[in-house]
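Have a look at upload.pdb below; it lists PDB, C-alpha atoms.
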ATOM      1  CA  MET I 273      13.950 -22.449  -6.775
ATOM      2  CA  LYS I 274      12.758 -21.053 -10.107
ATOM      3  CA  ILE I 275      10.631 -22.819 -12.720
ATOM      4  CA  ASN I 276      10.107 -21.659 -16.287
ATOM      5  CA  TYR I 277       7.408 -22.879 -18.686
ATOM      6  CA  CYS I 278       8.216 -22.777 -22.389
ATOM      7  CA  GLY I 279       5.625 -23.495 -25.044
ATOM      8  CA  ASP I 280       2.087 -22.854 -26.206
ATOM      9  CA  SER I 281      -1.377 -22.710 -24.623
ATOM     10  CA  PHE I 282      -0.826 -25.946 -22.720
ATOM     11  CA  CYS I 283       1.396 -23.959 -20.323
ATOM     12  CA  ALA I 284       0.180 -20.373 -20.816
ATOM     13  CA  SER I 285      -1.840 -19.953 -17.604
ATOM     14  CA  ASP I 286      -0.897 -20.037 -13.933
ATOM     15  CA  LYS I 287      -4.341 -19.009 -12.690
ATOM     16  CA  HIS I 288      -6.863 -20.831 -10.509
ATOM     17  CA  PHE I 289      -6.127 -24.571 -10.578
ATOM     18  CA  ALA I 290      -3.645 -24.574 -13.493
ATOM     19  CA  TRP I 291      -1.134 -27.431 -13.431
ATOM     20  CA  THR I 292       1.660 -24.872 -13.851
ATOM     21  CA  LYS I 293       0.670 -23.209 -10.586
ATOM     22  CA  GLN I 294       0.147 -26.531  -8.789
ATOM     23  CA  LEU I 295       3.505 -27.935  -9.902
ATOM     24  CA  ALA I 296       5.354 -24.782  -8.859
ATOM     25  CA  SER I 297       3.641 -24.947  -5.467
ATOM     26  CA  LYS I 298       4.598 -28.626  -4.988
ATOM     27  CA  LEU I 299       8.215 -27.781  -5.819
ATOM     28  CA  ASN I 300       8.149 -24.587  -3.738
ATOM     29  CA  ALA I 301       9.308 -22.785  -6.870
ATOM     30  CA  GLU I 302       8.738 -19.308  -8.268
ATOM     31  CA  ILE I 303       7.296 -19.168 -11.802
ATOM     32  CA  VAL I 304       9.555 -16.998 -13.983
ATOM     33  CA  GLY I 305       7.946 -17.613 -17.389
ATOM     34  CA  LEU I 306       4.894 -19.055 -19.119
ATOM     35  CA  GLY I 307       3.978 -20.211 -22.610
ATOM     36  CA  ARG I 308       1.864 -18.227 -25.080
ATOM     37  CA  ASN I 309      -1.298 -19.311 -26.857
ATOM     38  CA  GLY I 310      -0.829 -20.666 -30.366
ATOM     39  CA  MET I 311       2.927 -20.214 -30.563
ATOM     40  CA  ALA I 312       5.380 -22.319 -32.565
ATOM     41  CA  HIS I 313       8.098 -24.544 -31.087
ATOM     42  CA  GLU I 314      10.617 -21.764 -31.779
ATOM     43  CA  PHE I 315       8.925 -19.729 -29.047
ATOM     44  CA  ALA I 316       9.637 -22.545 -26.574
ATOM     45  CA  ILE I 317      13.275 -22.573 -27.651
ATOM     46  CA  GLN I 318      13.609 -18.804 -27.350
ATOM     47  CA  SER I 319      11.884 -18.676 -23.948
ATOM     48  CA  PHE I 320      14.290 -21.227 -22.424
ATOM     49  CA  ASN I 321      15.818 -19.672 -19.287
ATOM     50  CA  GLU I 322      19.221 -21.077 -18.365
ATOM     51  CA  GLU I 323      19.013 -19.333 -14.979
ATOM     52  CA  ALA I 324      15.876 -21.266 -13.991
ATOM     53  CA  ASP I 325      16.358 -24.447 -11.957
ATOM     54  CA  ILE I 326      13.666 -26.200 -13.997
ATOM     55  CA  ASN I 327      12.483 -25.565 -17.558
ATOM     56  CA  VAL I 328       9.307 -27.382 -18.566
ATOM     57  CA  PHE I 329       8.788 -27.508 -22.328
ATOM     58  CA  CYS I 330       5.430 -28.047 -23.978
ATOM     59  CA  TRP I 331       6.490 -28.928 -27.519
ATOM     60  CA  THR I 332       3.694 -28.088 -29.922
ATOM     61  CA  GLU I 333       2.878 -29.330 -33.407
ATOM     62  CA  ALA I 334       5.444 -28.770 -36.137
ATOM     63  CA  HIS I 335       3.078 -26.813 -38.407
ATOM     64  CA  ARG I 336       3.218 -23.390 -36.821
ATOM     65  CA  LEU I 337       5.028 -20.303 -38.030
ATOM     66  CA  PHE I 338       7.057 -18.370 -35.507
ATOM     67  CA  TYR I 339       6.297 -14.670 -35.357
ATOM     68  CA  LYS I 340       6.771 -12.657 -32.200
ATOM     69  CA  ASP I 341       3.469 -10.770 -32.257
ATOM     70  CA  TYR I 342       0.989 -13.314 -33.641
ATOM     71  CA  ALA I 343       0.129 -16.954 -33.197
ATOM     72  CA  LEU I 344       0.279 -18.218 -36.778
ATOM     73  CA  ASN I 345      -1.123 -21.715 -37.122
ATOM     74  CA  PHE I 346      -3.921 -23.533 -38.934
ATOM     75  CA  SER I 347      -6.493 -22.544 -36.294
ATOM     76  CA  THR I 348      -5.721 -18.844 -36.181
ATOM     77  CA  VAL I 349      -5.222 -18.457 -39.917
ATOM     78  CA  PHE I 350      -8.187 -20.460 -41.231
ATOM     79  CA  SER I 351     -10.722 -19.796 -38.471
ATOM     80  CA  PRO I 352     -13.343 -17.067 -38.959
ATOM     81  CA  ALA I 353     -13.037 -16.396 -35.224
ATOM     82  CA  SER I 354      -9.448 -15.230 -35.710
ATOM     83  CA  ASP I 355     -10.598 -12.262 -37.797
ATOM     84  CA  LYS I 356     -14.089 -10.787 -37.542
ATOM     85  CA  HIS I 357     -13.806  -9.639 -41.161
ATOM     86  CA  PHE I 358     -12.937 -13.127 -42.391
ATOM     87  CA  LYS I 359     -13.141 -13.551 -46.133
ATOM     88  CA  GLU I 360     -10.593 -15.508 -48.106
ATOM     89  CA  ASP I 361      -9.896 -12.694 -50.569
ATOM     90  CA  MET I 362      -9.880  -9.945 -47.937
ATOM     91  CA  ARG I 363      -7.436 -11.319 -45.351
ATOM     92  CA  ALA I 364      -4.319  -9.665 -46.779
ATOM     93  CA  SER I 365      -5.954  -6.247 -46.942
ATOM     94  CA  LYS I 366      -7.499  -6.437 -43.453
ATOM     95  CA  ASN I 367      -4.403  -7.816 -41.733
ATOM     96  CA  PRO I 368      -1.309  -8.266 -43.916
ATOM     97  CA  ILE I 369       0.374 -10.629 -41.450
ATOM     98  CA  LEU I 370      -2.591 -12.989 -41.133
ATOM     99  CA  GLY I 371      -3.182 -12.655 -44.856
ATOM    100  CA  SER I 372       0.409 -13.600 -45.656
ATOM    101  CA  ALA I 373       0.207 -16.575 -43.292
ATOM    102  CA  TYR I 374      -3.097 -17.628 -44.855
ATOM    103  CA  TYR I 375      -1.585 -17.722 -48.334
ATOM    104  CA  PHE I 376       1.562 -19.411 -47.036
ATOM    105  CA  PHE I 377      -0.433 -22.236 -45.434
ATOM    106  CA  LYS I 378      -2.732 -22.515 -48.448
ATOM    107  CA  TYR I 379      -0.076 -22.590 -51.176
ATOM    108  CA  LEU I 380       3.429 -23.129 -49.772
ATOM    109  CA  HIS I 381       3.208 -25.146 -46.568
ATOM    110  CA  ASP I 382       4.753 -28.625 -46.777
ATOM    111  CA  ILE I 383       3.781 -31.010 -43.953
ATOM    112  CA  LYS I 384       6.762 -33.324 -44.260
ATOM    113  CA  TYR I 385       9.259 -30.456 -44.416
ATOM    114  CA  PHE I 386       7.862 -28.811 -41.283
ATOM    115  CA  GLU I 387       8.017 -32.092 -39.356
ATOM    116  CA  GLN I 388      11.628 -32.620 -40.446
ATOM    117  CA  ARG I 389      12.449 -29.018 -39.583
ATOM    118  CA  GLN I 390      11.089 -29.443 -36.067
ATOM    119  CA  MET I 391      13.154 -32.610 -35.571
ATOM    120  CA  ARG I 392      16.290 -30.765 -36.720
ATOM    121  CA  ASP I 393      15.553 -27.789 -34.453
ATOM    122  CA  LEU I 394      14.978 -30.029 -31.433
ATOM    123  CA  TYR I 395      18.107 -32.054 -32.229
ATOM    124  CA  TRP I 396      20.183 -28.851 -32.304
ATOM    125  CA  PHE I 397      18.573 -27.545 -29.107
ATOM    126  CA  ASP I 398      19.161 -30.868 -27.331
ATOM    127  CA  LYS I 399      22.807 -31.274 -28.414
ATOM    128  CA  GLU I 400      23.991 -27.662 -28.346
ATOM    129  CA  ILE I 401      21.973 -25.982 -25.597
ATOM    130  CA  LEU I 402      20.457 -28.506 -23.193
ATOM    131  CA  SER I 403      23.662 -30.553 -23.023
ATOM    132  CA  ASN I 404      25.225 -27.571 -21.189
ATOM    133  CA  TYR I 405      22.214 -26.781 -18.983
ATOM    134  CA  ARG I 406      22.825 -27.468 -15.283
ATOM    135  CA  GLY I 407      19.155 -27.477 -14.297
ATOM    136  CA  VAL I 408      16.322 -29.909 -14.994
ATOM    137  CA  ALA I 409      14.657 -29.938 -18.412
ATOM    138  CA  VAL I 410      11.254 -31.605 -18.703
ATOM    139  CA  HIS I 411       9.822 -32.350 -22.149
ATOM    140  CA  CYS I 412       6.071 -32.639 -22.695
ATOM    141  CA  PHE I 413       4.748 -33.107 -26.215
ATOM    142  CA  CYS I 414       1.363 -31.574 -26.947
ATOM    143  CA  PHE I 415       0.161 -33.394 -30.066
ATOM    144  CA  GLN I 416       2.894 -35.713 -31.354
ATOM    145  CA  ASN I 417       6.275 -36.815 -30.050
ATOM    146  CA  THR I 418       8.642 -35.872 -32.851
ATOM    147  CA  TYR I 419      12.026 -36.262 -31.127
ATOM    148  CA  SER I 420      13.727 -38.320 -28.399
ATOM    149  CA  PHE I 421      15.701 -36.003 -26.126
ATOM    150  CA  GLU I 422      19.007 -37.148 -24.654
ATOM    151  CA  ASN I 423      19.045 -34.270 -22.170
ATOM    152  CA  GLY I 424      16.207 -33.967 -19.691
ATOM    153  CA  LEU I 425      13.158 -35.946 -18.692
ATOM    154  CA  THR I 426      10.306 -36.790 -21.054
ATOM    155  CA  TYR I 427       6.689 -37.070 -19.966
ATOM    156  CA  ASP I 428       5.217 -40.003 -21.887
ATOM    157  CA  THR I 429       1.582 -38.904 -22.284
ATOM    158  CA  LEU I 430       0.698 -36.400 -25.004
ATOM    159  CA  LEU I 431      -0.904 -33.337 -23.404
ATOM    160  CA  ASN I 432      -3.667 -33.296 -26.011
ATOM    161  CA  GLU I 433      -4.765 -36.836 -25.061
ATOM    162  CA  ASP I 434      -6.042 -35.675 -21.683
ATOM    163  CA  ARG I 435      -7.777 -32.362 -22.300
ATOM    164  CA  SER I 436     -11.119 -30.624 -22.012
ATOM    165  CA  PHE I 437     -12.935 -28.280 -24.330
ATOM    166  CA  LYS I 438     -15.034 -25.279 -23.329
ATOM    167  CA  ALA I 439     -18.043 -26.885 -24.969
ATOM    168  CA  GLN I 440     -17.882 -29.655 -22.364
ATOM    169  CA  GLY I 441     -18.723 -27.146 -19.652
ATOM    170  CA  GLY I 442     -16.876 -26.114 -16.533
ATOM    171  CA  GLU I 443     -13.738 -24.070 -16.154
ATOM    172  CA  ILE I 444     -10.553 -25.017 -17.920
ATOM    173  CA  GLU I 445      -6.946 -23.860 -17.651
ATOM    174  CA  ASN I 446      -4.291 -24.878 -20.175
ATOM    175  CA  HIS I 447      -6.941 -26.985 -22.008
ATOM    176  CA  LYS I 448      -7.608 -29.063 -18.904
ATOM    177  CA  ASN I 449     -10.294 -29.201 -16.254
ATOM    178  CA  GLU I 450      -9.394 -29.124 -12.571
ATOM    179  CA  LEU I 451      -8.940 -32.890 -12.248
ATOM    180  CA  GLN I 452      -6.789 -33.094 -15.394
ATOM    181  CA  ASN I 453      -4.634 -30.185 -14.203
ATOM    182  CA  THR I 454      -4.115 -31.842 -10.825
ATOM    183  CA  ARG I 455      -3.268 -35.173 -12.450
ATOM    184  CA  LEU I 456      -0.671 -33.566 -14.727
ATOM    185  CA  ALA I 457       0.878 -31.581 -11.877
ATOM    186  CA  ASN I 458       1.139 -34.743  -9.753
ATOM    187  CA  ASN I 459       2.634 -36.800 -12.594
ATOM    188  CA  LEU I 460       5.233 -34.161 -13.434
ATOM    189  CA  PHE I 461       6.065 -33.673  -9.755
ATOM    190  CA  CYS I 462       6.771 -37.414  -9.416
ATOM    191  CA  LEU I 463       8.938 -37.334 -12.530
ATOM    192  CA  ILE I 464      10.961 -34.333 -11.334
ATOM    193  CA  ASP I 465      11.080 -35.282  -7.652
ATOM    194  CA  ASN I 466      12.854 -38.539  -8.520
ATOM    195  CA  ILE I 467      15.979 -36.633  -9.609
ATOM    196  CA  LEU I 468      15.963 -33.647  -7.215
TER     197      LEU I 468
END

Could the structure of this file be written out as structure tokens, please?
Amino acid sequence: MKINYCGDSFCASDKHFAWTKQLASKLNAEIVGLGRNGMAHEFAIQSFNEEADINVFCWTEAHRLFYKDYALNFSTVFSPASDKHFKEDMRASKNPILGSAYYFFKYLHDIKYFEQRQMRDLYWFDKEILSNYRGVAVHCFCFQNTYSFENGLTYDTLLNEDRSFKAQGGEIENHKNELQNTRLANNLFCLIDNIL
């Protein structure tokens, strides 16, 4: 059995006690793909693997720009940590991609449009792609549930509601401590095991 994780940092690690590793172990499945930190929902769509028996989606917030080489979101674009030479007027000259994203988010970004766009993208993906998928699709929303899927299983708890931060101490994987990772793996296993 093969399992594929599609999404952002909530499913980017399969190290140590990560829920992705624990769930794969419970299902006796090989991990064939993981999410990437800070990526937009388009990355989850593009990393869908129709050959995998199970695709677990971690649907992120609507307000991220898809770009293959960079995570472009509010955190990476507006955070001084994302660029050691951070200065509002210097971003475009130091890194044209981050600079362009900075000015996009500052002057052009429209919250309502991006939320509607995500709903339309997920609607298309649900109706046109997942309706033909013979495996199991599992939908986890990270920050906000923006769409009700007809195809696949939906995990009801937002992933961001049960998370840890590095400042709280201890190791974390996929924004969760060991207990939170185990709880998520167990909950998703129960959800999936009911239909296998």

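Relative to CA of Leu460 in chain I, CA of Met273 in chain I is found at 16.0 Å.
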
Residue neighbourhood range 462-465 of chain I, 10 Å, all atoms listed in the file, exclusion window fewer than 2 positions, as a ChimeraX atom specification: /I:295,298-299,326,408-410,424-427,456-460,467-468

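Closest approach to Asn446 in chain I among I:Cys283, I:Ala296, I:Ala301, I:Cys412: I:Cys283, based on only C-alpha atoms.
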
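For the pair CA of Ser281 in chain I and CA of Phe338 in chain I, the interatomic distance is 14.4 Å.
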
Taking all atoms of range 281-284 of chain I that the file lists, what box with edges along x, y and z, padded by 6 Å per side, do you get, with centre and edge lengths in Å to one decimal, as AutoDock Vina command-line options?
--center_x 0.0 --center_y -23.2 --center_z -22.5 --size_x 14.8 --size_y 17.6 --size_z 16.3

I need the residue set behind the PyMOL selection byres ((chain I and resi 344) around 9) for this file; please write it as a list in words. Gly310, Met311, Ala312, Arg336, Leu337, Phe338, Tyr339, Tyr342, Ala343, Asn345, Phe346, Ser347, Thr348, Val349, Ile369, Leu370, Ala373 and Tyr374 of chain I

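Across the structure, CA of Lys378 in chain I and CA of Asn432 in chain I are spaced 24.9 Å apart.
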
Polymer residues at most 8 Å from Lys287 in chain I, all atoms listed in the file, same-chain spacing of 3 or more positions, as a PyMOL selection string: chain I and resi 290+293+445

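Among the candidate residues I:Asn449, I:Gln294, I:Asn417, I:Ser285, the one lying nearest to Leu306 in chain I is I:Ser285, with distances computed using all atoms listed in the file.
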
Applied to the shown file, which residues does the PyMOL selection byres ((chain I and resi 434) around 10) return, written as a compact mmCIF listing (two decimals) with C-alpha atoms, in the coordinates of the input?
# COMPACT_ATOMS: atom_id res chain seq x y z
CA CYS I 414 1.36 -31.57 -26.95
CA THR I 429 1.58 -38.90 -22.28
CA LEU I 430 0.70 -36.40 -25.00
CA LEU I 431 -0.90 -33.34 -23.40
CA ASN I 432 -3.67 -33.30 -26.01
CA GLU I 433 -4.76 -36.84 -25.06
CA ARG I 435 -7.78 -32.36 -22.30
CA SER I 436 -11.12 -30.62 -22.01
CA HIS I 447 -6.94 -26.98 -22.01
CA LYS I 448 -7.61 -29.06 -18.90
CA ASN I 449 -10.29 -29.20 -16.25
CA GLN I 452 -6.79 -33.09 -15.39
CA ASN I 453 -4.63 -30.18 -14.20
CA ARG I 455 -3.27 -35.17 -12.45
CA LEU I 456 -0.67 -33.57 -14.73

Fewer than 2 positions away in the same chain doesn't count, so skip those; otherwise give me all residues within 6 Å of Asn327 in chain I, counting all atoms listed in the file, as a ChimeraX atom specification. /I:275-277,409

Render range 301-332 of chain I from the structure in the preceding block as a file of N, CA and C atoms, as a compact mmCIF listing (two decimals), in the first residue's frame.
# COMPACT_ATOMS: atom_id res chain seq x y z
N ALA I 301 1.87 1.11 5.14
CA ALA I 301 1.96 1.76 3.84
C ALA I 301 3.31 2.45 3.65
N GLU I 302 3.74 2.52 2.42
CA GLU I 302 4.97 3.22 2.05
C GLU I 302 4.62 4.68 1.74
N ILE I 303 5.38 5.62 2.30
CA ILE I 303 5.17 7.04 2.01
C ILE I 303 5.82 7.37 0.67
N VAL I 304 5.02 7.90 -0.27
CA VAL I 304 5.54 8.23 -1.59
C VAL I 304 5.61 9.74 -1.85
N GLY I 305 5.14 10.55 -0.90
CA GLY I 305 5.20 12.00 -1.07
C GLY I 305 4.83 12.71 0.22
N LEU I 306 5.41 13.89 0.38
CA LEU I 306 5.16 14.73 1.57
C LEU I 306 4.83 16.15 1.13
N GLY I 307 4.27 16.92 2.05
CA GLY I 307 4.00 18.33 1.80
C GLY I 307 5.29 19.14 1.83
N ARG I 308 5.15 20.45 1.60
CA ARG I 308 6.30 21.37 1.67
C ARG I 308 5.92 22.58 2.48
N ASN I 309 6.83 23.03 3.31
CA ASN I 309 6.60 24.18 4.19
C ASN I 309 6.13 25.41 3.42
N GLY I 310 5.06 26.01 3.92
CA GLY I 310 4.60 27.30 3.42
C GLY I 310 3.91 27.31 2.07
N MET I 311 3.64 26.15 1.49
CA MET I 311 3.12 26.13 0.14
C MET I 311 1.62 26.41 0.08
N ALA I 312 1.17 26.82 -1.10
CA ALA I 312 -0.23 27.14 -1.35
C ALA I 312 -1.03 25.86 -1.63
N HIS I 313 -2.35 25.99 -1.64
CA HIS I 313 -3.20 24.82 -1.90
C HIS I 313 -2.95 24.23 -3.28
N GLU I 314 -2.49 25.03 -4.22
CA GLU I 314 -2.17 24.52 -5.56
C GLU I 314 -1.09 23.44 -5.50
N PHE I 315 -0.15 23.58 -4.56
CA PHE I 315 0.87 22.55 -4.41
C PHE I 315 0.24 21.22 -4.01
N ALA I 316 -0.75 21.25 -3.13
CA ALA I 316 -1.45 20.03 -2.74
C ALA I 316 -2.15 19.40 -3.94
N ILE I 317 -2.77 20.23 -4.76
CA ILE I 317 -3.44 19.72 -5.96
C ILE I 317 -2.43 19.09 -6.90
N GLN I 318 -1.32 19.77 -7.14
CA GLN I 318 -0.33 19.27 -8.08
C GLN I 318 0.43 18.05 -7.56
N SER I 319 0.49 17.87 -6.24
CA SER I 319 1.22 16.71 -5.71
C SER I 319 0.32 15.49 -5.49
N PHE I 320 -0.97 15.61 -5.84
CA PHE I 320 -1.87 14.46 -5.82
C PHE I 320 -1.26 13.34 -6.68
N ASN I 321 -1.30 12.12 -6.16
CA ASN I 321 -0.73 10.96 -6.86
C ASN I 321 -1.83 9.93 -7.05
N GLU I 322 -2.33 9.83 -8.27
CA GLU I 322 -3.43 8.90 -8.55
C GLU I 322 -3.02 7.44 -8.41
N GLU I 323 -1.72 7.17 -8.39
CA GLU I 323 -1.24 5.79 -8.22
C GLU I 323 -1.20 5.38 -6.75
N ALA I 324 -1.23 6.34 -5.84
CA ALA I 324 -1.19 6.02 -4.41
C ALA I 324 -2.56 5.48 -3.98
N ASP I 325 -2.54 4.56 -3.03
CA ASP I 325 -3.79 4.00 -2.51
C ASP I 325 -4.53 5.02 -1.65
N ILE I 326 -3.76 5.87 -0.97
CA ILE I 326 -4.34 6.89 -0.10
C ILE I 326 -3.61 8.21 -0.36
N ASN I 327 -4.38 9.27 -0.54
CA ASN I 327 -3.84 10.63 -0.61
C ASN I 327 -4.44 11.41 0.55
N VAL I 328 -3.57 11.92 1.42
CA VAL I 328 -4.02 12.74 2.55
C VAL I 328 -3.68 14.19 2.21
N PHE I 329 -4.71 15.03 2.18
CA PHE I 329 -4.53 16.44 1.84
C PHE I 329 -4.59 17.29 3.10
N CYS I 330 -3.62 18.18 3.23
CA CYS I 330 -3.65 19.19 4.27
C CYS I 330 -3.88 20.52 3.55
N TRP I 331 -5.15 20.92 3.51
CA TRP I 331 -5.54 22.13 2.77
C TRP I 331 -5.22 23.36 3.61
N THR I 332 -4.35 24.19 3.09
CA THR I 332 -3.88 25.36 3.81
C THR I 332 -4.78 26.57 3.58
